[in-house]
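Asker: As input, take target-v8.txt (compact mmCIF, C-alpha atoms and all ligand atoms):
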```txt
# COMPACT_ATOMS: atom_id res chain seq x y z
CA MET U 1 58.49 64.18 113.41
CA GLY U 2 57.11 61.07 115.04
CA GLY U 3 55.24 60.23 118.22
CA HIS U 4 51.79 59.68 116.71
CA GLY U 5 49.15 57.53 118.38
CA HIS U 6 48.11 55.71 115.18
CA GLN U 7 49.62 54.99 111.79
CA LEU U 8 48.91 58.03 109.65
CA SER U 9 47.62 57.75 106.11
CA GLU U 10 49.80 59.41 103.46
CA GLU U 11 47.07 62.06 103.09
CA GLU U 12 47.11 62.85 106.82
CA ALA U 13 50.91 62.93 106.74
CA ALA U 14 50.94 65.35 103.79
CA ALA U 15 48.59 67.72 105.66
CA MET U 16 51.05 67.83 108.58
CA PHE U 17 53.55 69.73 106.41
CA GLU U 18 51.14 72.58 105.69
CA ALA U 19 50.56 75.79 107.62
CA PRO U 20 47.07 74.96 109.05
CA SER U 21 48.49 71.91 110.81
CA TRP U 22 51.32 73.97 112.34
CA GLU U 23 48.88 76.74 113.32
CA GLU U 24 46.89 74.17 115.22
CA ARG U 25 49.97 72.72 116.93
CA TYR U 26 50.99 76.19 118.09
CA SER U 27 47.45 77.28 119.05
CA GLY U 28 47.45 75.93 122.60
CA ASP U 29 49.62 76.91 125.56
CA GLU U 30 51.79 73.81 125.70
CA LYS U 31 55.39 74.44 124.72
CA ILE U 32 56.42 72.11 121.88
CA TRP U 33 60.20 72.58 121.58
CA SER U 34 62.82 72.70 124.33
CA GLY U 35 63.77 76.36 123.98
CA SER U 36 67.43 75.29 123.82
CA PRO U 37 69.37 76.22 120.69
CA ASN U 38 70.00 73.51 118.11
CA ALA U 39 73.32 71.67 118.41
CA GLN U 40 74.63 72.39 114.89
CA LEU U 41 73.79 76.09 115.21
CA VAL U 42 75.84 76.33 118.40
CA ALA U 43 78.64 74.24 116.87
CA GLU U 44 79.01 76.47 113.80
CA VAL U 45 77.99 79.96 114.84
CA HIS U 46 80.48 80.44 117.66
CA ARG U 47 83.15 80.88 114.95
CA LEU U 48 81.27 83.74 113.26
CA THR U 49 81.28 87.44 114.03
CA PRO U 50 77.77 88.51 115.04
CA GLY U 51 75.85 90.54 112.48
CA THR U 52 72.39 90.12 111.00
CA ALA U 53 70.69 86.70 110.89
CA LEU U 54 67.54 85.15 109.44
CA ASP U 55 66.16 81.92 110.97
CA VAL U 56 63.57 80.33 108.68
CA GLY U 57 61.12 77.89 110.29
CA CYS U 58 61.99 79.45 113.64
CA GLY U 59 59.03 77.89 115.47
CA GLU U 60 58.96 79.01 119.10
CA GLY U 61 62.15 81.02 118.69
CA GLY U 62 64.78 79.03 120.62
CA ASP U 63 67.48 79.64 118.01
CA VAL U 64 66.46 83.29 117.47
CA ILE U 65 66.79 84.00 121.19
CA TRP U 66 70.14 82.23 121.44
CA LEU U 67 71.51 84.17 118.44
CA ALA U 68 70.25 87.46 119.88
CA ARG U 69 72.01 86.67 123.17
CA GLN U 70 75.23 86.12 121.18
CA GLY U 71 74.91 89.65 119.81
CA TRP U 72 73.14 89.01 116.49
CA TRP U 73 70.24 91.08 115.13
CA VAL U 74 67.78 88.36 114.22
CA THR U 75 64.72 87.99 112.05
CA GLY U 76 62.66 84.90 112.86
CA ALA U 77 60.59 83.65 109.93
CA ASP U 78 57.90 80.97 109.85
CA PHE U 79 54.67 80.34 107.97
CA SER U 80 52.76 79.94 111.24
CA ALA U 81 51.42 83.16 112.75
CA ASN U 82 50.80 81.34 116.05
CA GLY U 83 54.40 80.10 116.06
CA LEU U 84 55.70 83.62 115.45
CA ALA U 85 53.48 85.01 118.22
CA ARG U 86 54.93 82.44 120.64
CA ALA U 87 58.47 83.22 119.51
CA ALA U 88 57.93 86.97 119.97
CA ARG U 89 56.55 86.35 123.48
CA HIS U 90 59.57 84.20 124.37
CA ALA U 91 61.96 86.85 123.02
CA GLU U 92 60.19 89.45 125.16
CA GLU U 93 60.49 87.22 128.26
CA ALA U 94 64.18 86.60 127.47
CA GLY U 95 64.82 90.35 127.27
CA VAL U 96 65.98 90.28 123.62
CA ALA U 97 62.89 91.67 121.89
CA ASP U 98 64.82 94.76 120.77
CA ARG U 99 67.26 92.58 118.78
CA THR U 100 64.55 90.56 117.02
CA ASP U 101 61.83 90.94 114.43
CA TRP U 102 59.45 88.54 112.71
CA TRP U 103 58.43 87.62 109.18
CA GLN U 104 55.53 85.39 108.20
CA VAL U 105 56.56 83.61 105.03
CA ASP U 106 56.31 80.19 103.38
CA ALA U 107 59.90 79.05 102.73
CA ARG U 108 58.77 77.40 99.47
CA ALA U 109 57.84 80.84 98.12
CA PHE U 110 60.60 82.77 99.89
CA ALA U 111 61.92 85.82 98.03
CA ALA U 112 64.63 87.96 99.61
CA ASP U 113 63.27 91.10 97.92
CA GLY U 114 66.47 93.01 98.48
CA ARG U 115 66.98 91.94 102.10
CA SER U 116 70.29 90.28 102.98
CA TYR U 117 71.78 88.76 106.11
CA ASP U 118 75.21 87.71 107.35
CA LEU U 119 73.72 84.37 108.40
CA VAL U 120 70.70 82.56 107.00
CA THR U 121 69.83 79.46 108.97
CA THR U 122 67.07 76.87 109.02
CA HIS U 123 66.63 73.84 111.27
CA PHE U 124 64.23 70.93 110.81
CA LEU U 125 61.97 72.59 108.27
CA HIS U 126 61.09 69.67 106.01
CA PRO U 127 59.06 70.56 102.96
CA PRO U 128 57.55 67.42 101.43
CA ASP U 129 58.86 65.66 98.32
CA GLY U 130 62.47 66.81 98.37
CA GLY U 131 61.40 70.46 98.52
CA MET U 132 64.43 71.44 100.60
CA VAL U 133 66.59 71.76 97.47
CA GLU U 134 64.42 74.60 96.18
CA VAL U 135 64.19 76.13 99.68
CA THR U 136 68.00 76.09 99.87
CA ARG U 137 68.18 77.86 96.50
CA ARG U 138 65.73 80.53 97.68
CA LEU U 139 67.37 81.08 101.08
CA ALA U 140 70.80 81.43 99.46
CA THR U 141 69.54 84.57 97.72
CA ALA U 142 69.26 86.27 101.13
CA VAL U 143 72.91 85.68 102.12
CA ALA U 144 75.11 88.79 102.03
CA PRO U 145 78.54 88.55 100.34
CA GLY U 146 80.90 86.94 102.86
CA GLY U 147 77.90 85.60 104.79
CA HIS U 148 76.90 82.02 105.66
CA LEU U 149 74.03 79.66 104.93
CA LEU U 150 73.38 76.89 107.46
CA VAL U 151 70.76 74.26 106.60
CA VAL U 152 70.10 71.43 109.06
CA GLY U 153 67.51 68.66 108.95
CA HIS U 154 66.87 65.02 109.72
CA ALA U 155 68.83 62.43 107.77
CA PRO U 156 66.76 59.40 106.70
CA SER U 157 67.42 56.68 109.25
CA GLU U 158 66.27 53.32 110.58
CA THR U 159 65.08 55.23 113.66
CA PHE U 160 62.29 56.70 111.52
CA THR U 161 60.97 53.50 109.95
CA GLN U 162 57.59 53.92 111.70
CA LEU U 163 57.00 57.10 109.72
CA THR U 164 55.03 57.37 106.50
CA ALA U 165 56.69 57.43 103.09
CA THR U 166 55.66 61.12 102.91
CA HIS U 167 57.70 61.86 106.04
CA ARG U 168 60.71 59.89 104.81
CA ARG U 169 60.69 61.70 101.46
CA ALA U 170 60.85 65.01 103.34
CA MET U 171 64.15 64.04 105.01
CA PHE U 172 67.42 64.74 103.26
CA LEU U 173 71.15 64.28 103.29
CA ALA U 174 73.38 67.35 103.26
CA GLU U 175 74.72 66.39 99.82
CA ASP U 176 71.16 66.24 98.42
CA LEU U 177 71.00 70.01 98.87
CA LEU U 178 74.09 70.84 96.80
CA PRO U 179 72.11 71.31 93.54
CA GLY U 180 70.31 74.15 95.35
CA LEU U 181 73.53 75.97 96.20
CA PRO U 182 74.10 78.75 93.65
CA ASP U 183 77.47 79.63 92.11
CA GLY U 184 79.51 81.89 94.34
CA PHE U 185 79.13 79.69 97.45
CA ASP U 186 81.81 77.48 99.02
CA ALA U 187 80.41 74.46 100.86
CA LEU U 188 82.35 74.28 104.15
CA VAL U 189 80.42 71.45 105.83
CA ILE U 190 78.48 68.65 104.07
CA GLU U 191 77.90 66.07 106.80
CA GLN U 192 75.49 63.85 108.64
CA ARG U 193 76.35 64.54 112.28
CA PRO U 194 75.39 62.02 114.95
CA ARG U 195 73.29 63.26 117.84
CA THR U 196 71.56 61.62 120.77
CA THR U 197 68.14 62.88 121.78
CA THR U 198 65.08 61.73 123.73
CA ARG U 199 61.80 61.02 122.02
CA ASP U 200 58.74 60.02 124.04
CA GLY U 201 61.08 59.22 126.93
CA VAL U 202 63.31 56.97 124.82
CA THR U 203 66.93 57.77 123.93
CA VAL U 204 67.42 57.71 120.17
CA HIS U 205 70.49 58.10 118.00
CA ILE U 206 69.89 60.26 114.96
CA HIS U 207 71.90 62.22 112.39
CA ASP U 208 71.60 65.92 111.62
CA SER U 209 72.18 66.55 107.92
CA THR U 210 74.28 69.70 108.00
CA LEU U 211 75.16 71.98 105.10
CA LEU U 212 77.20 75.09 105.86
CA ALA U 213 78.21 77.29 102.95
CA ARG U 214 79.88 80.69 102.66
CA ARG U 215 79.03 83.18 99.96
CA THR U 216 82.30 84.25 98.41
CA THR U 217 81.09 86.74 95.78
C1 LIG Q 301 60.13 70.98 113.38
S1 LIG Q 301 59.79 72.69 113.61
C2 LIG Q 301 61.41 73.33 113.99
C3 LIG Q 301 61.37 74.64 114.76
C4 LIG Q 301 62.77 75.21 115.08
N1 LIG Q 301 63.53 75.52 113.87
C5 LIG Q 301 63.55 74.23 115.92
O1 LIG Q 301 64.48 73.60 115.39
O2 LIG Q 301 63.21 74.07 117.10
C6 LIG Q 301 59.54 73.23 111.95
C7 LIG Q 301 59.09 74.68 111.86
O3 LIG Q 301 59.10 75.06 110.50
C8 LIG Q 301 57.88 75.72 110.19
N2 LIG Q 301 57.63 75.41 108.78
C9 LIG Q 301 57.38 74.20 108.23
N3 LIG Q 301 57.25 74.31 106.90
C10 LIG Q 301 57.44 75.62 106.60
C11 LIG Q 301 57.43 76.35 105.40
N4 LIG Q 301 57.18 75.75 104.23
N5 LIG Q 301 57.67 77.68 105.45
C12 LIG Q 301 57.91 78.30 106.64
N6 LIG Q 301 57.91 77.66 107.83
C13 LIG Q 301 57.68 76.33 107.80
C14 LIG Q 301 56.84 75.17 111.14
O4 LIG Q 301 55.78 76.08 111.35
C15 LIG Q 301 57.68 74.94 112.38
O5 LIG Q 301 57.68 76.07 113.22
```
What does this structure look like when you write it as structure tokens?
Answerer:
Amino acid sequence: MGGHGHQLSEEEAAAMFEAPSWEERYSGDEKIWSGSPNAQLVAEVHRLTPGTALDVGCGEGGDVIWLARQGWWVTGADFSANGLARAARHAEEAGVADRTDWWQVDARAFAADGRSYDLVTTHFLHPPDGGMVEVTRRLATAVAPGGHLLVVGHAPSETFTQLTATHRRAMFLAEDLLPGLPDGFDALVIEQRPRTTTRDGVTVHIHDSTLLARRTT
């Protein structure tokens, strides 16, 4: 989110959240994300015993590849076919293709359809207009008993004041997601975790909204 040459209209901003915009971003050759795993994934998953995992909004596959290297069997899901093709190529290059598979799905319409995973994770997928509550509810249905749900996104912050109202409404706090957590889950982490990153060559201090929950029944 961010780094645009001109101030976007709300209409242009809204289009950025939809699949055609992501397809276009992933259509070229230029790598968009770092390929490194996300900080909160690494912080939380090292405690867990590897099993099956689903990463929704997996983009170029950095988290999928890291999980596979830790011994997980991982499904990477995204609504962008170009993103998934990139992720599959990166998994092949990383030598973990045999531990991965891919699922093209819009998280806002996600249905587990009988599939379940020991870990369901999503990082920086920001549906517009507070849509992450419903996405959390849907993703929770794919967590196996005893399994974990890890949802991470950008907390609203002064750092993002240059963004449109549409962008800011897509951000969330971890506690905002609690209404989406079904009965039978224990919330283990509900935090905004500080993180330093570089954006357009500038060091910025941001917070990762982090919800980790375990399915108990
Ligand atoms: C900001 S990127 C994050 C990629 C990766 N999780 C990471 O942290 O590096 C957001 C990703 O979510 C995907 N995405 C956005 N909205 C989505 C939706 N409604 N359903 C499925 N994927 C979505 C985009 O295609 C993109 O790959």
Asker: Which residues are close to Leu84 (chain U), i.e. within 12 Å by all atoms listed in the file, leaving aside same-chain residues fewer than 3 positions away? Reply as JSON, numbers by chain.
Answerer: {"U": [22, 23, 26, 27, 55, 56, 57, 58, 59, 60, 61, 62, 64, 75, 76, 77, 78, 79, 80, 81, 87, 88, 89, 90, 91, 100, 101, 102, 103, 104, 105]}
Asker: Would you kindly return, as a list in words, each protein, DNA or RNA residue with an atom no farther than 7 Å from any atom of Ala142 (chain U), considering only C-alpha atoms and excluding same-chain residues fewer than 2 positions away?
Answerer: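 The residues that qualify are Ala112, Arg115, Ser116, Tyr117, Leu139, Ala140 and Ala144 of chain U.
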Asker: Padding 3 Å on each side, edges along x, y and z: where is the centre of the box around the listed atoms of ligand LIG 301 (chain Q), and how long are its edges in Å to one decimal? Output it as lines of an AutoDock Vina configuration file.
Answerer:
```
center_x = 60.1
center_y = 74.6
center_z = 110.7
size_x = 14.7
size_y = 13.3
size_z = 18.9
```
Asker: Between U:Leu212, U:Ala111, U:Val135, U:Leu48, which has the minimum distance to Asp186 (chain U) (counting only C-alpha atoms)?
Answerer: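 Of U:Leu212, U:Ala111, U:Val135, U:Leu48, the one nearest Asp186 (chain U) is U:Leu212, counting only C-alpha atoms.
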Asker: Please report the interatomic distance between CA of Arg193 (chain U) and CA of Phe124 (chain U) in Å with one decimal.
Answerer: 13.8 Å
Asker: Could you work out how far CA of Arg215 (chain U) lies from atom O5 of ligand LIG 301 (chain Q), giving the answer in Å with one decimal?
Answerer: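 Those two atoms sit 26.1 Å apart.
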